[in-house]
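*Asks:* Input model39.cif, format and content: mmCIF, C-alpha atoms and all ligand atoms.
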data_entry
loop_
_atom_site.label_atom_id
_atom_site.label_comp_id
_atom_site.auth_asym_id
_atom_site.auth_seq_id
_atom_site.Cartn_x
_atom_site.Cartn_y
_atom_site.Cartn_z
CA MET O 46 16.00 16.60 78.61
CA THR O 47 15.28 16.33 82.32
CA VAL O 48 11.73 15.94 83.59
CA THR O 49 11.82 19.34 85.23
CA GLN O 50 12.68 21.12 81.98
CA ARG O 51 9.50 22.03 80.20
CA TYR O 52 9.46 21.60 76.42
CA VAL O 53 9.78 24.85 74.43
CA GLY O 54 9.73 24.63 70.63
CA ARG O 55 9.61 27.21 67.89
CA PHE O 56 8.96 27.90 64.23
CA ALA O 57 11.29 30.55 62.83
CA PRO O 58 10.32 31.64 59.32
CA SER O 59 12.25 34.23 57.34
CA PRO O 60 9.71 36.73 56.00
CA SER O 61 10.99 36.64 52.43
CA GLY O 62 7.54 35.62 51.16
CA PRO O 63 4.36 33.75 52.14
CA LEU O 64 4.56 30.15 53.36
CA HIS O 65 4.68 27.48 50.65
CA LEU O 66 3.98 23.81 51.27
CA GLY O 67 7.61 23.11 52.21
CA SER O 68 7.55 25.68 55.00
CA VAL O 69 4.15 24.44 56.20
CA VAL O 70 5.67 20.96 56.58
CA THR O 71 8.28 22.41 58.95
CA ALA O 72 5.75 24.53 60.82
CA LEU O 73 3.43 21.55 61.28
CA ALA O 74 6.20 19.24 62.49
CA SER O 75 7.41 21.74 65.10
CA PHE O 76 3.85 22.50 66.20
CA LEU O 77 2.83 18.84 66.56
CA ASP O 78 6.03 17.98 68.38
CA ALA O 79 5.49 20.79 70.91
CA ARG O 80 1.85 19.93 71.43
CA SER O 81 2.47 16.20 71.73
CA HIS O 82 5.00 16.92 74.49
CA GLY O 83 2.58 19.24 76.29
CA GLY O 84 5.03 22.04 75.52
CA LYS O 85 5.03 25.64 74.39
CA TRP O 86 5.22 26.60 70.73
CA LEU O 87 6.75 29.96 69.76
CA VAL O 88 6.95 31.83 66.48
CA ARG O 89 9.99 33.96 65.70
CA ILE O 90 10.19 36.13 62.61
CA GLU O 91 13.77 35.91 61.35
CA ASP O 92 13.90 39.31 59.72
CA ILE O 93 17.56 39.89 60.48
CA ASP O 94 18.34 39.85 56.76
CA GLU O 95 16.64 43.13 55.95
CA PRO O 96 17.49 43.12 52.25
CA ARG O 97 15.64 39.80 51.89
CA THR O 98 12.59 40.78 53.93
CA GLU O 99 9.48 41.25 51.80
CA PRO O 100 7.08 43.93 53.05
CA GLY O 101 3.78 42.37 54.12
CA ALA O 102 5.12 38.79 54.18
CA GLU O 103 5.04 38.53 57.96
CA GLN O 104 1.37 39.39 58.15
CA ILE O 105 0.54 36.82 55.48
CA ILE O 106 2.60 34.14 57.25
CA LEU O 107 0.77 34.77 60.53
CA GLN O 108 -2.61 34.64 58.75
CA GLN O 109 -1.62 31.38 57.07
CA LEU O 110 -0.56 29.82 60.38
CA HIS O 111 -3.80 30.98 61.98
CA ALA O 112 -5.91 29.45 59.21
CA LEU O 113 -4.02 26.18 59.64
CA GLY O 114 -4.77 26.10 63.37
CA MET O 115 -1.26 26.95 64.58
CA MET O 116 -1.18 29.81 67.07
CA ALA O 117 1.89 30.84 69.04
CA ASP O 118 1.75 30.67 72.84
CA GLU O 119 3.67 33.92 73.31
CA PRO O 120 3.98 37.24 71.48
CA ILE O 121 5.89 36.96 68.19
CA TRP O 122 9.62 37.75 68.37
CA HIS O 123 11.43 39.83 65.77
CA GLN O 124 15.15 39.66 65.14
CA SER O 125 15.05 43.21 63.79
CA SER O 126 13.88 44.70 67.11
CA ALA O 127 16.23 47.10 68.84
CA GLY O 128 16.46 44.85 71.90
CA ARG O 129 17.51 41.82 69.89
CA GLN O 130 20.05 43.79 67.85
CA GLU O 131 21.57 45.06 71.08
CA ARG O 132 21.80 41.54 72.45
CA TYR O 133 23.55 40.19 69.31
CA ARG O 134 25.95 43.12 69.51
CA GLN O 135 26.68 42.36 73.16
CA VAL O 136 27.54 38.70 72.48
CA PHE O 137 29.50 39.58 69.36
CA THR O 138 31.51 42.28 71.14
CA ARG O 139 32.34 39.99 74.04
CA TRP O 140 33.65 37.31 71.67
CA ARG O 141 35.59 39.87 69.67
CA ASP O 142 37.20 41.18 72.86
CA GLN O 143 38.04 37.61 73.86
CA GLY O 144 39.66 36.94 70.48
CA ARG O 145 37.09 34.32 69.46
CA VAL O 146 36.06 36.38 66.47
CA TYR O 147 38.42 37.99 63.99
CA GLY O 148 38.12 40.50 61.17
CA CYS O 149 38.35 39.10 57.65
CA ALA O 150 39.22 41.07 54.52
CA CYS O 151 38.31 38.33 52.02
CA THR O 152 35.81 39.14 49.31
CA ARG O 153 33.45 36.62 47.76
CA ARG O 154 35.77 36.66 44.78
CA ASP O 155 38.82 35.78 46.93
CA LEU O 156 36.98 32.66 48.10
CA GLN O 157 35.69 31.49 44.71
CA ARG O 158 38.82 29.38 44.31
CA VAL O 159 37.80 27.06 47.16
CA ALA O 160 35.78 24.10 45.86
CA VAL O 161 32.26 23.51 47.18
CA ASN O 162 32.18 20.34 49.31
CA GLU O 163 29.44 17.73 49.83
CA LEU O 164 27.74 20.00 52.38
CA GLY O 165 27.46 22.75 49.79
CA GLU O 166 30.04 24.80 51.71
CA ARG O 167 33.29 26.41 50.64
CA PRO O 168 35.39 25.75 53.78
CA TYR O 169 37.12 29.01 54.72
CA PRO O 170 40.83 28.52 53.89
CA GLY O 171 41.97 30.57 56.89
CA ILE O 172 43.52 33.46 54.95
CA CYS O 173 42.87 36.07 57.68
CA ARG O 174 42.97 33.68 60.63
CA THR O 175 46.38 34.84 61.74
CA GLY O 176 45.91 38.49 60.85
CA LEU O 177 44.75 40.71 58.03
CA PRO O 178 46.93 40.80 54.90
CA PHE O 179 49.02 44.01 54.80
CA GLY O 180 46.99 47.11 54.03
CA ARG O 181 43.58 45.35 54.02
CA GLN O 182 40.61 46.32 56.19
CA PRO O 183 38.16 43.90 57.83
CA ARG O 184 34.92 43.41 55.89
CA SER O 185 33.24 40.58 57.78
CA TRP O 186 33.91 38.97 61.15
CA ARG O 187 34.51 35.24 61.53
CA PHE O 188 34.25 32.84 64.43
CA TRP O 189 37.59 31.20 65.20
CA VAL O 190 36.79 27.48 65.03
CA PRO O 191 39.15 25.30 67.10
CA ASN O 192 41.07 22.96 64.73
CA ASP O 193 39.99 19.89 66.65
CA ALA O 194 36.33 20.79 67.18
CA THR O 195 34.27 17.67 66.50
CA VAL O 196 30.58 17.96 67.22
CA ASN O 197 28.46 14.84 67.82
CA PHE O 198 24.74 14.74 68.33
CA VAL O 199 21.76 12.50 67.68
CA ASP O 200 19.15 13.94 65.38
CA ARG O 201 15.70 12.59 66.23
CA TRP O 202 14.95 11.99 62.56
CA PHE O 203 18.31 11.38 60.90
CA GLY O 204 20.10 9.62 63.78
CA PRO O 205 23.74 10.05 64.93
CA GLN O 206 25.66 12.92 63.34
CA GLU O 207 29.28 13.96 63.49
CA GLN O 208 30.98 16.99 61.99
CA GLN O 209 34.53 18.28 62.18
CA VAL O 210 33.59 21.89 61.83
CA PHE O 211 37.09 23.14 60.97
CA ASN O 212 37.36 20.85 57.93
CA ALA O 213 33.71 20.94 56.92
CA VAL O 214 33.10 24.70 57.03
CA GLY O 215 36.05 26.39 58.72
CA ASP O 216 35.80 29.76 60.44
CA PHE O 217 32.28 30.97 59.71
CA VAL O 218 30.89 34.49 59.48
CA LEU O 219 29.12 35.99 62.52
CA ARG O 220 28.92 39.52 61.20
CA ARG O 221 28.54 40.12 57.51
CA SER O 222 30.32 42.64 55.33
CA ASP O 223 27.08 44.67 55.07
CA GLY O 224 27.07 45.02 58.87
CA TYR O 225 24.22 42.62 59.59
CA PHE O 226 24.68 39.92 62.20
CA ALA O 227 24.68 36.48 60.60
CA TYR O 228 21.92 33.91 60.92
CA GLN O 229 24.23 31.52 62.84
CA LEU O 230 24.74 34.06 65.64
CA ALA O 231 21.17 35.33 65.85
CA VAL O 232 19.52 31.91 65.82
CA VAL O 233 21.61 30.62 68.72
CA VAL O 234 21.27 33.73 70.89
CA ASP O 235 17.51 33.79 70.26
CA ASP O 236 16.99 30.09 70.95
CA ILE O 237 18.89 30.45 74.22
CA ASP O 238 17.09 33.63 75.29
CA GLN O 239 13.70 32.10 74.45
CA GLY O 240 14.50 29.00 76.49
CA VAL O 241 14.12 26.69 73.50
CA THR O 242 14.63 23.03 74.43
CA ASP O 243 13.66 21.45 71.12
CA VAL O 244 14.38 22.56 67.58
CA VAL O 245 12.35 20.99 64.78
CA ARG O 246 13.23 22.43 61.36
CA GLY O 247 14.05 21.58 57.75
CA ALA O 248 16.86 19.22 56.81
CA ASP O 249 18.64 21.99 54.89
CA LEU O 250 19.84 23.18 58.31
CA LEU O 251 21.16 19.81 59.49
CA SER O 252 24.71 20.74 58.52
CA SER O 253 24.45 24.10 60.38
CA THR O 254 23.74 22.39 63.68
CA ALA O 255 27.37 21.56 64.51
CA ARG O 256 28.37 25.21 64.00
CA GLN O 257 25.50 26.32 66.17
CA PHE O 258 26.37 23.85 68.92
CA LEU O 259 29.88 25.35 69.14
CA LEU O 260 28.17 28.66 69.95
CA TRP O 261 25.71 27.05 72.40
CA ASP O 262 28.67 25.48 74.22
CA LEU O 263 30.53 28.77 74.37
CA LEU O 264 27.50 30.45 75.90
CA ALA O 265 27.39 27.60 78.44
CA ALA O 266 23.83 26.76 77.50
CA ARG O 267 22.28 23.32 77.44
CA ARG O 268 22.08 22.18 73.81
CA PRO O 269 18.53 21.62 72.56
CA ARG O 270 17.31 18.33 71.15
CA MET O 271 17.25 18.44 67.36
CA MET O 272 14.92 17.06 64.75
CA HIS O 273 15.40 17.89 61.09
CA VAL O 274 12.53 16.90 58.85
CA PRO O 275 13.00 15.96 55.18
CA LEU O 276 12.50 18.74 52.66
CA LEU O 277 9.89 18.79 49.96
CA ARG O 278 11.54 18.83 46.58
CA THR O 279 10.61 19.99 43.12
CA ALA O 280 10.24 17.38 40.35
CA ASP O 281 13.91 17.91 39.42
CA GLY O 282 15.10 17.40 43.00
CA ARG O 283 15.64 20.98 44.18
CA LYS O 284 14.43 22.21 47.58
CA LEU O 285 10.97 23.73 47.32
CA SER O 286 11.60 27.41 47.94
CA LYS O 287 10.60 30.94 47.19
CA GLN O 288 13.58 31.16 44.83
CA ASN O 289 12.17 28.43 42.61
CA HIS O 290 8.69 29.93 42.73
CA ALA O 291 6.92 27.51 45.05
CA PRO O 292 3.37 28.90 45.23
CA PRO O 293 1.94 30.16 48.56
CA VAL O 294 -0.37 27.64 50.23
CA ASN O 295 -4.06 28.25 49.63
CA ILE O 296 -5.67 29.01 52.98
CA GLU O 297 -9.11 28.83 51.43
CA GLN O 298 -8.57 25.07 51.68
CA PRO O 299 -6.73 24.63 54.97
CA LEU O 300 -7.55 20.95 55.38
CA ALA O 301 -6.13 20.06 51.98
CA VAL O 302 -2.92 21.95 52.89
CA LEU O 303 -2.63 20.19 56.26
CA GLN O 304 -3.26 16.76 54.74
CA ALA O 305 -0.61 17.39 52.08
CA ALA O 306 1.94 18.51 54.69
CA TRP O 307 1.06 15.55 56.91
CA GLN O 308 1.61 13.05 54.11
CA ALA O 309 4.85 14.78 53.12
CA LEU O 310 6.03 13.90 56.65
CA GLY O 311 5.41 10.23 55.81
CA PHE O 312 2.13 9.73 57.65
CA GLU O 313 -1.03 8.02 56.35
CA PRO O 314 -3.96 10.35 55.62
CA PHE O 315 -6.97 10.24 57.94
CA PRO O 316 -10.43 11.79 57.68
CA ALA O 317 -11.03 15.14 59.42
CA ASP O 318 -13.82 17.61 58.76
CA ALA O 319 -12.33 20.66 60.46
CA VAL O 320 -8.90 22.13 61.13
CA SER O 321 -9.25 21.64 64.90
CA ALA O 322 -10.27 17.99 64.44
CA PHE O 323 -7.30 17.46 62.13
CA GLN O 324 -4.87 18.98 64.63
CA GLN O 325 -6.28 16.96 67.54
CA GLU O 326 -5.90 13.66 65.73
CA ALA O 327 -2.52 14.56 64.26
CA ILE O 328 -1.18 15.36 67.76
CA VAL O 329 -2.24 11.88 68.95
CA ARG O 330 -0.62 10.19 65.96
CA TRP O 331 2.56 12.28 66.21
CA ARG O 332 2.80 11.40 69.92
CA GLU O 333 2.63 7.68 69.11
CA GLN O 334 5.54 8.11 66.71
CA PHE O 335 7.68 10.78 68.35
CA GLY O 336 6.13 11.64 71.71
CA PRO O 337 7.78 11.41 75.14
CA ALA O 338 6.90 7.74 75.50
CA ALA O 339 7.91 6.78 71.95
CA GLY O 340 11.38 5.43 71.13
N1 LIG U 401 14.80 31.23 59.35
C1 LIG U 401 15.23 29.95 58.86
C2 LIG U 401 14.48 29.59 57.58
O1 LIG U 401 13.46 30.16 57.29
C3 LIG U 401 15.00 28.83 59.86
C4 LIG U 401 15.94 28.90 60.99
C5 LIG U 401 15.86 27.76 62.00
O2 LIG U 401 14.81 27.11 62.10
O3 LIG U 401 16.85 27.56 62.68
O4 LIG U 401 14.93 28.75 56.85
#
What does this structure look like when you write it as structure tokens?
Ligand code: GLU
*Replies:*
Amino acid sequence: MTVTQRYVGRFAPSPSGPLHLGSVVTALASFLDARSHGGKWLVRIEDIDEPRTEPGAEQIILQQLHALGMMADEPIWHQSSAGRQERYRQVFTRWRDQGRVYGCACTRRDLQRVAVNELGERPYPGICRTGLPFGRQPRSWRFWVPNDATVNFVDRWFGPQEQQVFNAVGDFVLRRSDGYFAYQLAVVVDDIDQGVTDVVRGADLLSSTARQFLLWDLLAARRPRMMHVPLLRTADGRKLSKQNHAPPVNIEQPLAVLQAAWQALGFEPFPADAVSAFQQEAIVRWREQFGPAAG
């Protein structure tokens, strides 16, 4: 990052339910990182996946963030808005016209045969890469990944990363068979359009970064710095999530929630008698560890 480029960070929850402690950890890390760099912090509601959006969840999420002392510096963005949908369509159409995206007729069932790899992906075996099988119609649309695309980057938490996207995931979906634009497309176009310089998010997305950087490069945008923070896990090692019934955080006790999230990030607890006092001190301590002068 150059000195002239002002830090812009974001928290981008999917409104599939209220925030649980795992999502608060991510929100807090992105908030503290933005504040400790004197930067802006944005909130984007990733409601592109309409079937998974829970009515009322967005309002609860914003109330929870407010109670925890985390307020966005700009109006909240929504992926479902007409303007954003139009923008995804524009990028998608341009790539389709340029032959960077191709129609794919494969069903989930067709792809079951491919084994899941260590990233939890079934690399696309390229069935429709050179054209649709005779008589089949496109269902989804995939990004044509160059065979030799190797993406390298340094994650601020996990260190140097390298992924050969073609082998690791193959051609990935940009438009789904139900017509919705895929997360990978929307997240990149939004981050670029919002001027995001720094992404701080959960480690479950570490393996998506290489895919996303291919899209950043194609849009000739400066890649953001990345920090993926470790995920909270259930006792049996699964990611804490709405699917495994992680309870919503209790905003009646905001300090207890903040202290728990802080310690989950590996920091020592410290006394604070109010949310604002907690945030002030946490920003100082985060800056010592990860701020502009650190490392
Ligand atoms: N919406 C995604 C989630 O809730 C986060 C996307 C991102 O931070 O890139 O897991």
*Asks:* Using all atoms listed in the file, which residues of chain O come within 7 Å of ligand LIG 401 (chain U), and what is the closest atom pair for each, with the distance in Å to one decimal? Give it as a tab-separated table, sorted by chain and residue number.
*Replies:*
residue	atom	partner	partner_atom	distance
O:Phe56	CA	U:LIG401	O2	6.3
O:Ala57	CA	U:LIG401	O2	5.0
O:Pro58	CA	U:LIG401	O1	4.0
O:Ser59	CA	U:LIG401	O1	4.2
O:Glu91	CA	U:LIG401	N1	5.2
O:Val232	CA	U:LIG401	O3	6.0
O:Arg246	CA	U:LIG401	O2	5.0
O:Leu250	CA	U:LIG401	O3	6.9
*Asks:* Using only C-alpha atoms, pick whichever of O:Val218, O:Ala301, O:Val241, O:Leu66 has the shortest atom-to-atom distance to Thr279 (chain O).
*Replies:*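 Smallest distance to Thr279 (chain O) is found for O:Leu66.
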*Asks:* For Asn289 (chain O), which residue among O:His65, O:Arg187, O:Phe217, O:Ala72 is the nearest when counting only C-alpha atoms?
*Replies:*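 For Asn289 (chain O), the nearest of the candidates is O:His65.
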*Asks:* Measure the distance from CA of Ala102 (chain O) to CA of Ser61 (chain O) in Å and round it to one decimal.
*Replies:*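 According to the coordinates, CA of Ala102 (chain O) and CA of Ser61 (chain O) are separated by 6.5 Å.
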*Asks:* Find the spatial neighbours of region 167-179 of chain O, counting only C-alpha atoms, within a cut-off of 8 Å - ignore same-chain residues fewer than 4 positions away - and output them as a list in words.
*Replies:*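 Everything that qualifies: Tyr147, Gly148, Cys149, Ala150, Cys151, Leu156, Val159, Ala160, Val161, Asn162, Pro183, Trp189, Phe211, Asn212, Ala213, Val214, Gly215, Asp216 and Phe217 of chain O.
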*Asks:* With C-alpha atoms kept, could you save the residues just selected as a PDB file, in the frame of the given file?
*Replies:*
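Result file result_18.pdb:
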ATOM      1  CA  TYR O 147      38.420  37.990  63.990  1.00  0.00           C
ATOM      2  CA  GLY O 148      38.120  40.500  61.170  1.00  0.00           C
ATOM      3  CA  CYS O 149      38.350  39.100  57.650  1.00  0.00           C
ATOM      4  CA  ALA O 150      39.220  41.070  54.520  1.00  0.00           C
ATOM      5  CA  CYS O 151      38.310  38.330  52.020  1.00  0.00           C
ATOM      6  CA  LEU O 156      36.980  32.660  48.100  1.00  0.00           C
ATOM      7  CA  VAL O 159      37.800  27.060  47.160  1.00  0.00           C
ATOM      8  CA  ALA O 160      35.780  24.100  45.860  1.00  0.00           C
ATOM      9  CA  VAL O 161      32.260  23.510  47.180  1.00  0.00           C
ATOM     10  CA  ASN O 162      32.180  20.340  49.310  1.00  0.00           C
ATOM     11  CA  PRO O 183      38.160  43.900  57.830  1.00  0.00           C
ATOM     12  CA  TRP O 189      37.590  31.200  65.200  1.00  0.00           C
ATOM     13  CA  PHE O 211      37.090  23.140  60.970  1.00  0.00           C
ATOM     14  CA  ASN O 212      37.360  20.850  57.930  1.00  0.00           C
ATOM     15  CA  ALA O 213      33.710  20.940  56.920  1.00  0.00           C
ATOM     16  CA  VAL O 214      33.100  24.700  57.030  1.00  0.00           C
ATOM     17  CA  GLY O 215      36.050  26.390  58.720  1.00  0.00           C
ATOM     18  CA  ASP O 216      35.800  29.760  60.440  1.00  0.00           C
ATOM     19  CA  PHE O 217      32.280  30.970  59.710  1.00  0.00           C
TER      20      PHE O 217
END
*Asks:* Hey, can you pull every residue with an atom no more than 8 Å from (23.1, 30.0, 64.0), using all atoms listed in the file, and send it as a PyMOL selection string?
*Replies:* chain O and resi 227-233+253-254+256-257+260
*Asks:* Env of Thr71 (chain O): 7 Å cut, atoms = only C-alpha atoms, seq-sep filter 3 positions within chain, self excluded. Answer as a list of chain:residue names.
*Replies:*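 My reading of the contact set: O:Gly67, O:Ser68, O:Ala74, O:Ser75, O:Arg246, O:Gly247, O:Val274.
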*Asks:* Give me, as a list in words, all polymer residues having an atom no more than 10 Å from Glu95 (chain O), counting all atoms listed in the file and skipping those fewer than 6 positions away in the same chain.
*Replies:*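 My reading of the contact set: Pro60, Ser61, Gln124, Ser125 and Tyr225 of chain O.
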